[in-house]
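> This is start.cif (mmCIF, C-alpha atoms).
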data_work
loop_
_atom_site.group_PDB
_atom_site.id
_atom_site.type_symbol
_atom_site.label_atom_id
_atom_site.label_comp_id
_atom_site.auth_asym_id
_atom_site.auth_seq_id
_atom_site.Cartn_x
_atom_site.Cartn_y
_atom_site.Cartn_z
ATOM 1 C CA MET A 1 70.370 0.389 -11.483
ATOM 2 C CA SER A 2 74.021 1.239 -11.216
ATOM 3 C CA GLU A 3 74.626 3.791 -8.468
ATOM 4 C CA THR A 4 77.603 5.412 -10.171
ATOM 5 C CA THR A 5 76.377 5.726 -13.740
ATOM 6 C CA GLY A 6 72.597 5.856 -13.372
ATOM 7 C CA GLU A 7 72.231 3.202 -16.071
ATOM 8 C CA VAL A 8 69.403 0.718 -15.830
ATOM 9 C CA THR A 9 70.374 -2.933 -16.229
ATOM 10 C CA PRO A 10 68.307 -4.498 -19.025
ATOM 11 C CA GLN A 11 65.863 -7.048 -17.673
ATOM 12 C CA ILE A 12 64.193 -10.111 -19.153
ATOM 13 C CA LEU A 13 61.420 -11.897 -17.297
ATOM 14 C CA ALA A 14 60.850 -15.483 -18.379
ATOM 15 C CA TYR A 15 57.835 -17.652 -17.608
ATOM 16 C CA GLY A 16 59.039 -21.245 -17.546
ATOM 17 C CA PRO A 17 61.559 -23.491 -15.833
ATOM 18 C CA PRO A 18 64.994 -22.051 -15.124
ATOM 19 C CA PRO A 19 67.987 -23.747 -16.740
ATOM 20 C CA ASP A 20 70.005 -26.377 -14.940
ATOM 21 C CA GLY A 21 72.837 -25.087 -12.774
ATOM 22 C CA THR A 22 75.416 -25.737 -15.495
ATOM 23 C CA ALA A 23 73.771 -23.372 -17.994
ATOM 24 C CA SER A 24 74.774 -19.744 -17.702
ATOM 25 C CA LEU A 25 74.582 -16.521 -19.650
ATOM 26 C CA ASP A 26 77.606 -14.437 -20.547
ATOM 27 C CA SER A 27 75.585 -11.275 -20.359
ATOM 28 C CA ASP A 28 74.946 -8.198 -18.275
ATOM 29 C CA VAL A 29 71.194 -8.656 -18.702
ATOM 30 C CA ASP A 30 69.203 -9.446 -15.567
ATOM 31 C CA VAL A 31 67.162 -12.601 -16.309
ATOM 32 C CA ARG A 32 64.586 -13.912 -13.853
ATOM 33 C CA TYR A 33 62.432 -17.021 -14.232
ATOM 34 C CA PHE A 34 58.909 -17.506 -12.882
ATOM 35 C CA SER A 35 56.452 -20.384 -12.724
ATOM 36 C CA SER A 36 53.162 -18.611 -11.991
ATOM 37 C CA ASN A 37 51.178 -15.662 -13.325
ATOM 38 C CA HIS A 38 51.051 -14.151 -9.856
ATOM 39 C CA GLU A 39 54.860 -14.133 -9.570
ATOM 40 C CA VAL A 40 55.181 -12.558 -13.030
ATOM 41 C CA VAL A 41 52.817 -9.684 -12.253
ATOM 42 C CA GLU A 42 54.488 -9.054 -8.889
ATOM 43 C CA ALA A 43 57.899 -8.914 -10.583
ATOM 44 C CA MET A 44 56.635 -6.384 -13.130
ATOM 45 C CA ALA A 45 55.253 -3.999 -10.500
ATOM 46 C CA PRO A 46 58.512 -2.268 -9.507
ATOM 47 C CA GLN A 47 60.023 -2.220 -13.021
ATOM 48 C CA VAL A 48 58.592 -3.225 -16.374
ATOM 49 C CA PRO A 49 61.140 -5.427 -18.174
ATOM 50 C CA GLN A 50 62.593 -4.681 -21.583
ATOM 51 C CA LEU A 51 61.337 -8.100 -22.715
ATOM 52 C CA PHE A 52 59.068 -10.838 -21.475
ATOM 53 C CA ILE A 53 59.620 -14.411 -22.724
ATOM 54 C CA CYS A 54 56.831 -16.866 -22.173
ATOM 55 C CA LEU A 55 56.946 -20.645 -22.565
ATOM 56 C CA HIS A 56 53.797 -22.270 -23.879
ATOM 57 C CA ALA A 57 54.075 -25.986 -23.072
ATOM 58 C CA PRO A 58 50.742 -27.149 -21.661
ATOM 59 C CA PRO A 59 49.637 -28.449 -19.287
ATOM 60 C CA ARG A 60 52.423 -27.261 -16.934
ATOM 61 C CA TYR A 61 53.163 -23.934 -18.655
ATOM 62 C CA ASP A 62 50.142 -22.191 -20.160
ATOM 63 C CA GLY A 63 51.919 -19.369 -21.888
ATOM 64 C CA ILE A 64 48.763 -17.943 -23.445
ATOM 65 C CA ALA A 65 47.188 -17.398 -20.000
ATOM 66 C CA THR A 66 50.405 -15.797 -18.783
ATOM 67 C CA VAL A 67 50.568 -13.449 -21.785
ATOM 68 C CA LYS A 68 46.994 -12.368 -20.967
ATOM 69 C CA ALA A 69 48.068 -11.567 -17.384
ATOM 70 C CA VAL A 70 51.066 -9.585 -18.635
ATOM 71 C CA ARG A 71 48.895 -7.668 -21.116
ATOM 72 C CA ARG A 72 46.398 -6.757 -18.371
ATOM 73 C CA PHE A 73 49.276 -5.346 -16.348
ATOM 74 C CA ASP A 74 51.143 -3.594 -19.189
ATOM 75 C CA ALA A 75 50.089 -3.727 -22.822
ATOM 76 C CA SER A 76 53.318 -2.181 -24.110
ATOM 77 C CA VAL A 77 55.989 -4.678 -22.982
ATOM 78 C CA PRO A 78 57.333 -6.790 -25.883
ATOM 79 C CA VAL A 79 56.345 -10.439 -25.438
ATOM 80 C CA VAL A 80 57.953 -13.477 -27.054
ATOM 81 C CA LEU A 81 55.890 -16.677 -27.023
ATOM 82 C CA ALA A 82 58.146 -19.735 -27.207
ATOM 83 C CA THR A 83 56.384 -22.994 -28.015
ATOM 84 C CA ASN A 84 56.836 -26.319 -29.734
ATOM 85 C CA LEU A 85 53.064 -26.528 -30.300
ATOM 86 C CA GLN A 86 52.532 -24.908 -33.673
ATOM 87 C CA SER A 87 48.862 -25.072 -34.498
ATOM 88 C CA THR A 88 46.201 -22.784 -35.869
ATOM 89 C CA MET A 89 44.622 -22.480 -32.410
ATOM 90 C CA VAL A 90 47.895 -21.467 -30.726
ATOM 91 C CA ASN A 91 48.647 -18.993 -33.526
ATOM 92 C CA LEU A 92 45.182 -17.424 -33.232
ATOM 93 C CA GLN A 93 45.498 -17.163 -29.455
ATOM 94 C CA ALA A 94 48.922 -15.532 -29.855
ATOM 95 C CA ILE A 95 47.414 -12.932 -32.186
ATOM 96 C CA GLN A 96 44.486 -12.293 -29.833
ATOM 97 C CA THR A 97 46.806 -11.731 -26.869
ATOM 98 C CA LYS A 98 49.011 -9.412 -28.935
ATOM 99 C CA VAL A 99 52.182 -11.494 -28.757
ATOM 100 C CA THR A 100 55.027 -9.469 -30.273
ATOM 101 C CA TRP A 101 56.956 -12.477 -31.613
ATOM 102 C CA SER A 102 56.299 -16.189 -31.681
ATOM 103 C CA VAL A 103 59.291 -18.533 -31.670
ATOM 104 C CA GLU A 104 59.090 -22.218 -32.475
ATOM 105 C CA LEU A 105 61.162 -24.353 -30.135
ATOM 106 C CA PRO A 106 63.049 -27.266 -31.687
ATOM 107 C CA THR A 107 61.378 -30.662 -31.525
ATOM 108 C CA GLY A 108 63.357 -33.412 -29.853
ATOM 109 C CA LYS A 109 64.776 -31.002 -27.296
ATOM 110 C CA PRO A 110 63.271 -30.464 -23.829
ATOM 111 C CA ALA A 111 61.195 -27.278 -23.604
ATOM 112 C CA LYS A 112 63.410 -26.115 -20.724
ATOM 113 C CA ASP A 113 66.499 -26.192 -22.951
ATOM 114 C CA GLY A 114 64.675 -24.533 -25.835
ATOM 115 C CA LEU A 115 63.494 -21.750 -23.534
ATOM 116 C CA PHE A 116 67.056 -21.185 -22.331
ATOM 117 C CA ASP A 117 68.227 -20.885 -25.958
ATOM 118 C CA VAL A 118 65.603 -18.191 -26.594
ATOM 119 C CA VAL A 119 66.546 -16.348 -23.383
ATOM 120 C CA ARG A 120 70.251 -16.507 -24.285
ATOM 121 C CA ASP A 121 69.651 -15.151 -27.796
ATOM 122 C CA ALA A 122 67.366 -12.406 -26.474
ATOM 123 C CA SER A 123 69.864 -11.329 -23.814
ATOM 124 C CA GLU A 124 72.609 -11.087 -26.438
ATOM 125 C CA TRP A 125 70.297 -8.981 -28.616
ATOM 126 C CA LEU A 126 69.383 -6.693 -25.694
ATOM 127 C CA GLU A 127 73.064 -6.124 -24.949
ATOM 128 C CA THR A 128 73.665 -4.971 -28.524
ATOM 129 C CA GLN A 129 70.730 -2.543 -28.211
ATOM 130 C CA GLN A 130 72.279 -0.965 -25.096
ATOM 131 C CA GLN A 131 75.536 -0.061 -26.857
#
Now, as a test, write the supplied structure out as structure tokens.

Amino acid sequence: MSETTGEVTPQILAYGPPPDGTASLDSDVDVRYFSSNHEVVEAMAPQVPQLFICLHAPPRYDGIATVKAVRRFDASVPVVLATNLQSTMVNLQAIQTKVTWSVELPTGKPAKDGLFDVVRDASEWLETQQQ
């Protein structure tokens, strides 16, 4: 929070690998990456984010399990599930866990890069909502 204006900096929490050091956001949105459910829930305790973005790329990143953990903590936070695994089972699980939006990552691109693209687009959108 800004001490002089009292404004809250928009925050996005992302479950998945952070981008390489060369990738950066031109945004005033606070973006933090996490690799475990425990870290995600701990990060949400002091301040619920404006948006939670979750990578579903099993076996390393089980986004469905992470969405369940987020929903147990706060059922109202908007959740984006980003995955390159489009199947009936994943779609049904997304509905059951009350995913707000599901985004298909491009095939032929590493999941890490696809996740960064989603985070970048979301941070740009959040900035427009703050104006």
> Calculate how many Å separate CA of Gln11 (chain A) from CA of Arg60 (chain A), rounding to one decimal.
24.3 Å
> Spell out the residues picked by the PyMOL selection byres ((chain A and resi 101) around 12) here, as a list in words.
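Given this file, the PyMOL selection byres ((chain A and resi 101) around 12) evaluates to Leu51, Phe52, Ile53, Cys54, Val67, Val77, Pro78, Val79, Val80, Leu81, Ala82, Thr83, Asn91, Ala94, Ile95, Thr97, Lys98, Val99, Thr100, Ser102, Val103, Glu104, Val118 and Ala122 of chain A.
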> Can you write out the residues you just picked, keeping C-alpha atoms, as a PDB file, in the frame of the given file?

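Written file, selection.pdb:
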ATOM      1  CA  LEU A  51      61.337  -8.100 -22.715  1.00  0.00           C
ATOM      2  CA  PHE A  52      59.068 -10.838 -21.475  1.00  0.00           C
ATOM      3  CA  ILE A  53      59.620 -14.411 -22.724  1.00  0.00           C
ATOM      4  CA  CYS A  54      56.831 -16.866 -22.173  1.00  0.00           C
ATOM      5  CA  VAL A  67      50.568 -13.449 -21.785  1.00  0.00           C
ATOM      6  CA  VAL A  77      55.989  -4.678 -22.982  1.00  0.00           C
ATOM      7  CA  PRO A  78      57.333  -6.790 -25.883  1.00  0.00           C
ATOM      8  CA  VAL A  79      56.345 -10.439 -25.438  1.00  0.00           C
ATOM      9  CA  VAL A  80      57.953 -13.477 -27.054  1.00  0.00           C
ATOM     10  CA  LEU A  81      55.890 -16.677 -27.023  1.00  0.00           C
ATOM     11  CA  ALA A  82      58.146 -19.735 -27.207  1.00  0.00           C
ATOM     12  CA  THR A  83      56.384 -22.994 -28.015  1.00  0.00           C
ATOM     13  CA  ASN A  91      48.647 -18.993 -33.526  1.00  0.00           C
ATOM     14  CA  ALA A  94      48.922 -15.532 -29.855  1.00  0.00           C
ATOM     15  CA  ILE A  95      47.414 -12.932 -32.186  1.00  0.00           C
ATOM     16  CA  THR A  97      46.806 -11.731 -26.869  1.00  0.00           C
ATOM     17  CA  LYS A  98      49.011  -9.412 -28.935  1.00  0.00           C
ATOM     18  CA  VAL A  99      52.182 -11.494 -28.757  1.00  0.00           C
ATOM     19  CA  THR A 100      55.027  -9.469 -30.273  1.00  0.00           C
ATOM     20  CA  SER A 102      56.299 -16.189 -31.681  1.00  0.00           C
ATOM     21  CA  VAL A 103      59.291 -18.533 -31.670  1.00  0.00           C
ATOM     22  CA  GLU A 104      59.090 -22.218 -32.475  1.00  0.00           C
ATOM     23  CA  VAL A 118      65.603 -18.191 -26.594  1.00  0.00           C
ATOM     24  CA  ALA A 122      67.366 -12.406 -26.474  1.00  0.00           C
TER      25      ALA A 122
END
> Return the single residue from A:Val40, A:Leu126, A:Ile64, A:Val31 that is closest to Gln96 (chain A), with distances computed using only C-alpha atoms.
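So, comparing all the options, the nearest one is A:Ile64.
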> Measuring atom to atom with only C-alpha atoms, identify which of A:Asp28, A:Ile12, A:Ser36, A:Asp20 is nearest to Asp113 (chain A).
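With only C-alpha atoms as the atom set, the closest residue is A:Asp20.
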> Please measure the separation of CA of Met89 (chain A) and CA of Arg32 (chain A), giving the value in Å to one decimal.
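Computing it gives 28.6 Å between the two atoms.
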> Convert the output of the PyMOL selection byres ((chain A and resi 58) around 12) on the shown file into explicit residues, formatted as a ChimeraX atom specification.
/A:16,54-57,59-66,82-85,90,111
> Keeping only C-alpha atoms, write those residues as a PDB file, keeping the file's coordinate frame.

ATOM      1  CA  GLY A  16      59.039 -21.245 -17.546  1.00  0.00           C
ATOM      2  CA  CYS A  54      56.831 -16.866 -22.173  1.00  0.00           C
ATOM      3  CA  LEU A  55      56.946 -20.645 -22.565  1.00  0.00           C
ATOM      4  CA  HIS A  56      53.797 -22.270 -23.879  1.00  0.00           C
ATOM      5  CA  ALA A  57      54.075 -25.986 -23.072  1.00  0.00           C
ATOM      6  CA  PRO A  59      49.637 -28.449 -19.287  1.00  0.00           C
ATOM      7  CA  ARG A  60      52.423 -27.261 -16.934  1.00  0.00           C
ATOM      8  CA  TYR A  61      53.163 -23.934 -18.655  1.00  0.00           C
ATOM      9  CA  ASP A  62      50.142 -22.191 -20.160  1.00  0.00           C
ATOM     10  CA  GLY A  63      51.919 -19.369 -21.888  1.00  0.00           C
ATOM     11  CA  ILE A  64      48.763 -17.943 -23.445  1.00  0.00           C
ATOM     12  CA  ALA A  65      47.188 -17.398 -20.000  1.00  0.00           C
ATOM     13  CA  THR A  66      50.405 -15.797 -18.783  1.00  0.00           C
ATOM     14  CA  ALA A  82      58.146 -19.735 -27.207  1.00  0.00           C
ATOM     15  CA  THR A  83      56.384 -22.994 -28.015  1.00  0.00           C
ATOM     16  CA  ASN A  84      56.836 -26.319 -29.734  1.00  0.00           C
ATOM     17  CA  LEU A  85      53.064 -26.528 -30.300  1.00  0.00           C
ATOM     18  CA  VAL A  90      47.895 -21.467 -30.726  1.00  0.00           C
ATOM     19  CA  ALA A 111      61.195 -27.278 -23.604  1.00  0.00           C
TER      20      ALA A 111
END
> Tell me, as a VMD selection string, which residues lie within 8 Å of Tyr33 (chain A), counting all atoms listed in the file; anything in the same chain fewer than 2 positions away does not count.
chain A and resid 13 to 18 31 35
> Could you check the closest approach to Glu124 (chain A) for each of A:Val8, A:Leu25, A:Ala75, A:Leu105 and tell me which residue wins, using all atoms listed in the file?
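When distances to Glu124 (chain A) are compared using all atoms listed in the file, the smallest one comes from A:Leu25.
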> Rounded to one decimal in Å, what is the spacing between CA of Pro46 (chain A) and CA of Arg120 (chain A)?
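Straight-line distance from CA of Pro46 (chain A) to CA of Arg120 (chain A) works out to 23.6 Å.
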> From the set A:Val70, A:Val48, A:Ala43, A:Val119, which residue has the shortest atom-to-atom contact distance to Asp26 (chain A), counting all atoms listed in the file?
A:Val119
> If we count only C-alpha atoms, what is near region 127-130 of chain A at a cut-off of 8 Å, once residues fewer than 4 positions away on the same chain are taken out, given as JSON, numbers by chain?
{"A": [10, 27, 28, 29, 123]}
> Let me know the centre plus edge lengths, in Å and rounded to one decimal, of a box with edges along x, y and z that contains all listed atoms of region 103-115 of chain A and is padded by 3 Å on every side, as JSON.

{"center_x": 62.8, "center_y": -26.0, "center_z": -26.6, "size_x": 13.4, "size_y": 20.9, "size_z": 17.8}
> Tell me which of A:Gln86, A:Thr9, A:Thr107, A:Asn37 sits closest to Pro49 (chain A), counting all atoms listed in the file.
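Distance minimum relative to Pro49 (chain A) lands on A:Thr9.
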